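Here is the structure we will look at.
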Amino acid sequence: MTSSDAPSAIPSAAVPAPPVLAEVVRSGFTEGHHRGALVLLAADGSVERAIGDPAAPVFPRSSNKPMQAAAILRAGLDLSGERLALAAASHSGEPFHLDLARKMLAEHGLSPADLQTPPDLPLDPVEAETYLAAGNVRERITMNCSGKHAAMLAVCVRNGWDTATYLDPAHPLQQLVGQVVAEAAGEPVAAVGTDGCGAPLMAIGLTGLARAFRSFVLAEPGSAERRVADAMRAHPEYVAGTRRPDTWLMREVPGTLSKMGAEAVQAVALADGRALAFKIDDGAGRALGPVLARALELLGVDAPVVARIGRSPLLGGAAEVGEIRATF
């Protein structure tokens, strides 16, 4: 083949890199950056600030759990209090989390063997060390999504739906989840994937995610959405754990709804409808705290917990020598 016979290259537009949301500073030297997108909503729901492309679809991962829990309520399962909070949880695997997940299963004639979560260690490193030191091994119940899966199985039992296929995207429950996500976000689901726990995962834009959280805190009392928001805010330790930022924020800023997701996703809505959502492009969880703290500051949140959430020190020789800090 001569050069004239070779197929011509098709030019492609270069995709611009997302803007930097946080920088990694060690010993006064900036050694890295974390890029991403972020949106802040005013109390009236309008976009107050956008960084990057918050309209582009992302997988919110566990930040979708409030919508999944609302779908479970709409499907007829009567959950409240700690049980409903655990249904929307990425729990730390503390004993009180695991005890309640087992009870939720037993109450509907189910057992941990019915869970289709992958066997895992507790999400919290302290709990994982304690768990392993006691001679335990990875289990399905210990996986951080076991509360959500227990609730999904329970509503299947309640409705006579097949429990063996409860994670199939075509299952009636998962179809309802997709409807709730689209309604809350105010936009269609852009893609359906598989989450780390095996459940179907609906992609929406960050602006849609922030709108969804806003809609939950402003929903009519007694609605499925408001019941989920109220349970999460009343029992934040069941949503996350005793050493987790979601718990601290919901406990210390009254009326706040907060839920992180894997791959460095975060969504928050304040009681008056102000809201935020962001994703760190490289999935680095270490940047979550600094970016969240700065976003809360820009929304006007003035509370000691913001500084606590924002601390992300870098260590050198067991001493603090730098930090990860927001750049916007």
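In the structure tokens, chains take letters A, B, ... by order of appearance, with residues numbered from 1 within each chain and ligands from 1 in the order shown.
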
Counting only C-alpha atoms, which residues of stretch 180-221 of chain A sit at most 10 Å from some atom of stretch 25-38 of chain A, and what is each one's closest atom pair with its distance in Å to one decimal, listed by chain and rising residue number, as a tab-separated table?
```
residue	atom	partner	partner_atom	distance
A:Leu206	CA	A:Leu38	CA	7.1
A:Thr207	CA	A:Leu38	CA	8.3
A:Ala210	CA	A:Leu38	CA	9.8
```

Atoms to include: N, CA, C and O atoms. Write the selected residues as a PDB file, in the first residue's frame.
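Output below, filename again.pdb:
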```pdb
ATOM      1  N   LEU A 206     -24.512  16.201  37.345  1.00  0.00           N
ATOM      2  CA  LEU A 206     -24.345  16.698  38.712  1.00  0.00           C
ATOM      3  C   LEU A 206     -25.404  17.729  39.066  1.00  0.00           C
ATOM      4  O   LEU A 206     -25.859  17.792  40.217  1.00  0.00           O
ATOM      5  N   THR A 207     -25.826  18.525  38.089  1.00  0.00           N
ATOM      6  CA  THR A 207     -26.902  19.478  38.359  1.00  0.00           C
ATOM      7  C   THR A 207     -28.182  18.726  38.702  1.00  0.00           C
ATOM      8  O   THR A 207     -28.920  19.104  39.624  1.00  0.00           O
ATOM      9  N   ALA A 210     -27.851  17.404  42.290  1.00  0.00           N
ATOM     10  CA  ALA A 210     -28.114  18.451  43.276  1.00  0.00           C
ATOM     11  C   ALA A 210     -29.604  18.762  43.359  1.00  0.00           C
ATOM     12  O   ALA A 210     -30.162  18.954  44.445  1.00  0.00           O
TER      13      ALA A 210
END
```

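Residues in contact with A:His108 at 12 Å, where only C-alpha atoms are counted and same-chain residues fewer than 3 positions away are skipped, are listed as Leu77, Asp78, Ala101, Arg102, Lys103, Met104, Leu105, Ser111, Pro112, Asp114, Ala150, Ala151, Met152, Leu153, Ala154, Val155, Cys156, Val157, Arg158, Asn159, Gly160 and Thr163 of chain A.
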
Residues of stretch 72-235 of chain A in strand (DSSP E or B), written as a compact mmCIF listing (two decimals) with N, CA and C atoms, in the first residue's frame:
```
# COMPACT_ATOMS: atom_id res chain seq x y z
N ASP A 120 -17.28 -8.64 51.62
CA ASP A 120 -16.37 -7.52 51.81
C ASP A 120 -16.06 -7.36 53.29
N GLU A 139 -17.67 -11.03 54.35
CA GLU A 139 -19.03 -11.55 54.27
C GLU A 139 -19.91 -10.60 53.48
N ALA A 191 -27.64 6.70 31.27
CA ALA A 191 -27.05 5.38 31.07
C ALA A 191 -27.34 4.55 32.31
N VAL A 192 -27.32 3.24 32.14
CA VAL A 192 -27.50 2.32 33.26
C VAL A 192 -26.29 1.39 33.30
N GLY A 193 -25.64 1.35 34.44
CA GLY A 193 -24.49 0.49 34.62
C GLY A 193 -24.67 -0.41 35.82
N THR A 194 -23.59 -0.96 36.32
CA THR A 194 -23.62 -1.82 37.50
C THR A 194 -22.75 -1.21 38.58
N PRO A 200 -28.19 -2.10 39.82
CA PRO A 200 -28.19 -1.19 38.67
C PRO A 200 -27.91 0.23 39.11
N LEU A 201 -27.19 0.96 38.28
CA LEU A 201 -26.72 2.31 38.61
C LEU A 201 -27.12 3.26 37.49
N MET A 202 -27.85 4.31 37.86
CA MET A 202 -28.38 5.25 36.88
C MET A 202 -27.52 6.51 36.80
N ALA A 203 -27.11 6.88 35.60
CA ALA A 203 -26.28 8.06 35.38
C ALA A 203 -27.15 9.29 35.15
N ILE A 204 -26.79 10.39 35.83
CA ILE A 204 -27.42 11.69 35.65
C ILE A 204 -26.33 12.75 35.75
N GLY A 205 -26.65 13.99 35.42
CA GLY A 205 -25.69 15.07 35.57
C GLY A 205 -25.60 15.51 37.02
```

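Atom CA of A:Glu252 sits 15.9 Å away from atom CA of A:Leu299.
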
Checklist line | All residues 8 Å or closer to stretch 140-145 of chain A, only C-alpha atoms, same chain fewer than 3 positions away omitted, as number ranges by chain | finding: A: 89-93, 98, 101-102, 112-113, 115-123, 148-149, 197

Would you mind exporting the chosen residues as a PDB file, in the first residue's frame, restricted to N, CA, C and O atoms?
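Contents of out14.pdb, freshly written:
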```
ATOM      1  N   ALA A  89     -28.008   3.741  53.166  1.00  0.00           N
ATOM      2  CA  ALA A  89     -26.678   3.871  53.762  1.00  0.00           C
ATOM      3  C   ALA A  89     -25.554   3.272  52.937  1.00  0.00           C
ATOM      4  O   ALA A  89     -25.737   2.317  52.185  1.00  0.00           O
ATOM      5  N   SER A  90     -24.364   3.860  53.155  1.00  0.00           N
ATOM      6  CA  SER A  90     -23.094   3.203  52.863  1.00  0.00           C
ATOM      7  C   SER A  90     -22.437   3.054  54.234  1.00  0.00           C
ATOM      8  O   SER A  90     -21.571   3.841  54.617  1.00  0.00           O
ATOM      9  N   HIS A  91     -22.896   2.071  54.982  1.00  0.00           N
ATOM     10  CA  HIS A  91     -22.524   1.996  56.396  1.00  0.00           C
ATOM     11  C   HIS A  91     -21.073   1.563  56.593  1.00  0.00           C
ATOM     12  O   HIS A  91     -20.445   0.966  55.714  1.00  0.00           O
ATOM     13  N   SER A  92     -20.567   1.885  57.772  1.00  0.00           N
ATOM     14  CA  SER A  92     -19.161   1.626  58.089  1.00  0.00           C
ATOM     15  C   SER A  92     -18.879   0.196  58.516  1.00  0.00           C
ATOM     16  O   SER A  92     -17.724  -0.177  58.676  1.00  0.00           O
ATOM     17  N   GLY A  93     -19.919  -0.605  58.706  1.00  0.00           N
ATOM     18  CA  GLY A  93     -19.705  -1.969  59.175  1.00  0.00           C
ATOM     19  C   GLY A  93     -19.517  -2.058  60.670  1.00  0.00           C
ATOM     20  O   GLY A  93     -18.949  -3.031  61.175  1.00  0.00           O
ATOM     21  N   LEU A  98     -24.505  -3.828  61.386  1.00  0.00           N
ATOM     22  CA  LEU A  98     -24.671  -5.225  60.995  1.00  0.00           C
ATOM     23  C   LEU A  98     -25.832  -5.868  61.738  1.00  0.00           C
ATOM     24  O   LEU A  98     -26.582  -6.672  61.158  1.00  0.00           O
ATOM     25  N   ALA A 101     -29.062  -4.719  60.020  1.00  0.00           N
ATOM     26  CA  ALA A 101     -29.221  -5.350  58.701  1.00  0.00           C
ATOM     27  C   ALA A 101     -29.705  -6.788  58.861  1.00  0.00           C
ATOM     28  O   ALA A 101     -30.588  -7.245  58.104  1.00  0.00           O
ATOM     29  N   ARG A 102     -29.166  -7.509  59.821  1.00  0.00           N
ATOM     30  CA  ARG A 102     -29.617  -8.886  60.070  1.00  0.00           C
ATOM     31  C   ARG A 102     -31.071  -8.909  60.506  1.00  0.00           C
ATOM     32  O   ARG A 102     -31.863  -9.766  60.079  1.00  0.00           O
ATOM     33  N   PRO A 112     -28.737 -13.469  55.670  1.00  0.00           N
ATOM     34  CA  PRO A 112     -27.622 -12.890  54.906  1.00  0.00           C
ATOM     35  C   PRO A 112     -27.274 -13.667  53.644  1.00  0.00           C
ATOM     36  O   PRO A 112     -26.719 -13.100  52.699  1.00  0.00           O
ATOM     37  N   ALA A 113     -27.624 -14.943  53.605  1.00  0.00           N
ATOM     38  CA  ALA A 113     -27.341 -15.747  52.411  1.00  0.00           C
ATOM     39  C   ALA A 113     -28.141 -15.280  51.205  1.00  0.00           C
ATOM     40  O   ALA A 113     -27.769 -15.561  50.052  1.00  0.00           O
ATOM     41  N   LEU A 115     -28.558 -12.141  50.386  1.00  0.00           N
ATOM     42  CA  LEU A 115     -27.932 -10.938  49.847  1.00  0.00           C
ATOM     43  C   LEU A 115     -27.086 -11.274  48.621  1.00  0.00           C
ATOM     44  O   LEU A 115     -26.404 -12.302  48.593  1.00  0.00           O
ATOM     45  N   GLN A 116     -27.092 -10.389  47.646  1.00  0.00           N
ATOM     46  CA  GLN A 116     -26.232 -10.561  46.477  1.00  0.00           C
ATOM     47  C   GLN A 116     -25.128  -9.509  46.435  1.00  0.00           C
ATOM     48  O   GLN A 116     -24.530  -9.259  45.385  1.00  0.00           O
ATOM     49  N   THR A 117     -24.848  -8.910  47.581  1.00  0.00           N
ATOM     50  CA  THR A 117     -23.685  -8.035  47.698  1.00  0.00           C
ATOM     51  C   THR A 117     -22.415  -8.882  47.632  1.00  0.00           C
ATOM     52  O   THR A 117     -22.411 -10.033  48.078  1.00  0.00           O
ATOM     53  N   PRO A 118     -21.319  -8.348  47.115  1.00  0.00           N
ATOM     54  CA  PRO A 118     -20.068  -9.104  47.137  1.00  0.00           C
ATOM     55  C   PRO A 118     -19.526  -9.178  48.568  1.00  0.00           C
ATOM     56  O   PRO A 118     -19.644  -8.210  49.323  1.00  0.00           O
ATOM     57  N   PRO A 119     -18.954 -10.298  48.971  1.00  0.00           N
ATOM     58  CA  PRO A 119     -18.343 -10.368  50.308  1.00  0.00           C
ATOM     59  C   PRO A 119     -17.283  -9.289  50.461  1.00  0.00           C
ATOM     60  O   PRO A 119     -16.498  -9.047  49.546  1.00  0.00           O
ATOM     61  N   ASP A 120     -17.277  -8.644  51.620  1.00  0.00           N
ATOM     62  CA  ASP A 120     -16.368  -7.525  51.812  1.00  0.00           C
ATOM     63  C   ASP A 120     -16.060  -7.357  53.287  1.00  0.00           C
ATOM     64  O   ASP A 120     -16.709  -7.955  54.156  1.00  0.00           O
ATOM     65  N   LEU A 121     -15.061  -6.505  53.563  1.00  0.00           N
ATOM     66  CA  LEU A 121     -14.733  -6.103  54.923  1.00  0.00           C
ATOM     67  C   LEU A 121     -15.509  -4.841  55.271  1.00  0.00           C
ATOM     68  O   LEU A 121     -16.016  -4.152  54.379  1.00  0.00           O
ATOM     69  N   PRO A 122     -15.598  -4.493  56.545  1.00  0.00           N
ATOM     70  CA  PRO A 122     -16.217  -3.214  56.897  1.00  0.00           C
ATOM     71  C   PRO A 122     -15.534  -2.060  56.173  1.00  0.00           C
ATOM     72  O   PRO A 122     -14.316  -2.055  55.983  1.00  0.00           O
ATOM     73  N   LEU A 123     -16.322  -1.069  55.779  1.00  0.00           N
ATOM     74  CA  LEU A 123     -15.791   0.066  55.040  1.00  0.00           C
ATOM     75  C   LEU A 123     -14.850   0.915  55.886  1.00  0.00           C
ATOM     76  O   LEU A 123     -13.844   1.425  55.386  1.00  0.00           O
ATOM     77  N   LYS A 148     -29.146  -1.455  52.200  1.00  0.00           N
ATOM     78  CA  LYS A 148     -29.938  -1.196  51.002  1.00  0.00           C
ATOM     79  C   LYS A 148     -30.425  -2.497  50.391  1.00  0.00           C
ATOM     80  O   LYS A 148     -31.604  -2.628  50.019  1.00  0.00           O
ATOM     81  N   HIS A 149     -29.557  -3.478  50.301  1.00  0.00           N
ATOM     82  CA  HIS A 149     -29.941  -4.755  49.706  1.00  0.00           C
ATOM     83  C   HIS A 149     -30.956  -5.488  50.579  1.00  0.00           C
ATOM     84  O   HIS A 149     -31.866  -6.147  50.049  1.00  0.00           O
ATOM     85  N   CYS A 197     -21.790  -2.717  44.325  1.00  0.00           N
ATOM     86  CA  CYS A 197     -22.546  -3.705  45.103  1.00  0.00           C
ATOM     87  C   CYS A 197     -23.325  -4.646  44.208  1.00  0.00           C
ATOM     88  O   CYS A 197     -23.965  -5.583  44.698  1.00  0.00           O
TER      89      CYS A 197
END
```

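A straight line drawn from atom CA of A:Asn136 to atom CA of A:Arg244 is 23.0 Å long.
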
Next item on the list: Please return as a PyMOL selection string: the residues of stretch 145-231 of chain A that backbone DSSP assigns to alpha helix (DSSP H).
Entry: chain A and resi 146-159+172-185+206-218+224-231

Requested write-out: C-alpha atoms of the selected residues, as a short mmCIF file (atom, residue, chain, number, x, y, z; two decimals), in the first residue's frame:
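Below is the file again02.cif, written as the result:
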```cif
data_model
loop_
_atom_site.label_atom_id
_atom_site.label_comp_id
_atom_site.auth_asym_id
_atom_site.auth_seq_id
_atom_site.Cartn_x
_atom_site.Cartn_y
_atom_site.Cartn_z
CA SER A 146 -26.06 -4.54 52.85
CA GLY A 147 -28.75 -2.33 54.43
CA LYS A 148 -29.94 -1.20 51.00
CA HIS A 149 -29.94 -4.75 49.71
CA ALA A 150 -31.82 -5.99 52.79
CA ALA A 151 -34.53 -3.40 52.10
CA MET A 152 -34.63 -4.32 48.40
CA LEU A 153 -35.10 -7.98 49.25
CA ALA A 154 -37.74 -7.15 51.86
CA VAL A 155 -39.88 -5.17 49.40
CA CYS A 156 -39.63 -8.05 46.96
CA VAL A 157 -40.99 -10.42 49.61
CA ARG A 158 -43.74 -7.93 50.41
CA ASN A 159 -44.83 -7.71 46.75
CA PRO A 172 -39.94 -4.22 38.72
CA LEU A 173 -38.07 -2.68 41.64
CA GLN A 174 -35.15 -1.50 39.52
CA GLN A 175 -37.51 -0.11 36.91
CA LEU A 176 -39.15 1.93 39.67
CA VAL A 177 -35.75 3.11 40.92
CA GLY A 178 -35.00 4.46 37.45
CA GLN A 179 -38.28 6.37 37.42
CA VAL A 180 -37.61 7.92 40.84
CA VAL A 181 -34.07 8.95 39.87
CA ALA A 182 -35.29 10.65 36.67
CA GLU A 183 -38.16 12.41 38.46
CA ALA A 184 -35.99 13.69 41.30
CA ALA A 185 -33.19 14.83 38.98
CA LEU A 206 -24.35 16.70 38.71
CA THR A 207 -26.90 19.48 38.36
CA GLY A 208 -29.61 16.82 38.29
CA LEU A 209 -28.09 15.17 41.35
CA ALA A 210 -28.11 18.45 43.28
CA ARG A 211 -31.73 19.02 42.19
CA ALA A 212 -32.64 15.56 43.43
CA PHE A 213 -31.24 16.22 46.91
CA ARG A 214 -32.94 19.61 46.97
CA SER A 215 -36.26 17.98 46.06
CA PHE A 216 -35.94 15.52 48.94
CA VAL A 217 -35.45 18.15 51.66
CA LEU A 218 -38.26 20.31 50.24
CA ALA A 224 -41.54 8.95 50.19
CA GLU A 225 -38.82 11.48 49.41
CA ARG A 226 -39.34 13.48 52.60
CA ARG A 227 -39.53 10.32 54.72
CA VAL A 228 -36.14 9.25 53.39
CA ALA A 229 -34.61 12.69 53.99
CA ASP A 230 -36.06 12.88 57.50
CA ALA A 231 -34.83 9.40 58.45
#
```

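Minimum distance to A:Arg74 across A:Ser223, A:Ala88, A:Pro188, A:Asp168 (counting only C-alpha atoms) occurs at A:Ser223.
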
Next item on the list: Pick out the residues sitting within 12 Å of A:Arg308, and hand them over as an NGL selection string; count only C-alpha atoms, and ignore anything fewer than 4 positions along from it in its own chain.
Entry: :A and (243-246 or 248-249 or 252 or 289-290 or 292-294 or 302-304 or 312-313)

Could the residues in this selection be saved with N, CA and C atoms as a compact mmCIF listing (two decimals), in the first residue's frame?
```txt
# COMPACT_ATOMS: atom_id res chain seq x y z
N ARG A 243 -17.45 7.74 62.43
CA ARG A 243 -16.22 8.46 62.04
C ARG A 243 -16.29 8.96 60.60
N ARG A 244 -17.46 9.34 60.13
CA ARG A 244 -17.63 9.67 58.71
C ARG A 244 -18.18 11.08 58.53
N PRO A 245 -17.70 11.83 57.51
CA PRO A 245 -18.14 13.21 57.29
C PRO A 245 -19.64 13.38 57.06
N ASP A 246 -20.30 12.43 56.36
CA ASP A 246 -21.75 12.57 56.18
C ASP A 246 -22.46 12.64 57.52
N TRP A 248 -21.13 13.57 60.46
CA TRP A 248 -20.78 14.83 61.14
C TRP A 248 -21.62 15.98 60.60
N LEU A 249 -21.73 16.06 59.27
CA LEU A 249 -22.42 17.20 58.66
C LEU A 249 -23.91 17.18 58.99
N GLU A 252 -24.38 18.04 62.74
CA GLU A 252 -23.98 19.34 63.27
C GLU A 252 -24.55 20.55 62.50
N GLY A 289 -13.06 15.80 51.10
CA GLY A 289 -13.22 16.69 52.24
C GLY A 289 -12.90 18.14 51.92
N PRO A 290 -11.72 18.43 51.38
CA PRO A 290 -11.39 19.82 51.06
C PRO A 290 -12.36 20.46 50.07
N LEU A 292 -15.53 19.53 49.48
CA LEU A 292 -16.82 19.68 50.14
C LEU A 292 -16.82 20.88 51.09
N ALA A 293 -15.77 21.01 51.87
CA ALA A 293 -15.71 22.12 52.82
C ALA A 293 -15.75 23.47 52.10
N ARG A 294 -15.01 23.59 51.01
CA ARG A 294 -15.01 24.86 50.28
C ARG A 294 -16.38 25.13 49.65
N ASP A 302 -21.59 28.23 57.91
CA ASP A 302 -20.58 28.68 58.88
C ASP A 302 -20.73 27.84 60.14
N ALA A 303 -19.96 26.76 60.20
CA ALA A 303 -20.04 25.84 61.35
C ALA A 303 -18.68 25.18 61.53
N PRO A 304 -18.32 24.86 62.77
CA PRO A 304 -17.01 24.23 63.02
C PRO A 304 -16.80 22.94 62.24
N SER A 312 -7.31 17.61 55.29
CA SER A 312 -6.78 16.45 54.59
C SER A 312 -5.26 16.55 54.57
N PRO A 313 -4.64 16.29 55.72
CA PRO A 313 -3.18 16.48 55.83
C PRO A 313 -2.38 15.43 55.07
```

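For A:Arg274, the residues within 10 Å (counting only C-alpha atoms, excluding itself and residues fewer than 5 positions away along the chain) are Leu40, Leu41, Ala42, Ala43, Asp44, Gly45, Ser46, Val47, Glu48, Ala210, Arg211, Phe213, Arg214, Val217, Thr256, Val268, Ala269, Leu296, Leu299 and Gly300 of chain A.
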
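Shortest separation to A:Pro254 among A:Ala318, A:Leu84, A:Val301, A:Ile280 occurs at residue A:Val301, atoms counted being only C-alpha atoms.
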
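Take the candidates A:Met232, A:Ala55, A:Val305, A:Val15 and check each one against A:Ala70 using only C-alpha atoms; the shortest distance goes to A:Met232.
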
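With only C-alpha atoms as the atoms that count, the residue of A:Arg311, A:Leu298, A:Asp281, A:Thr327 with the shortest distance to A:Ala17 is A:Asp281.
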
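Counting only C-alpha atoms, the residue from A:Ala50, A:Val137, A:Val20, A:Val239 that sits nearest to A:Lys65 is A:Val239.
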
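Candidate residues A:Ala87, A:Val253, A:Ala287, A:Ile309 were compared for distance to A:Gln68, and the nearest is A:Ala87, using only C-alpha atoms.
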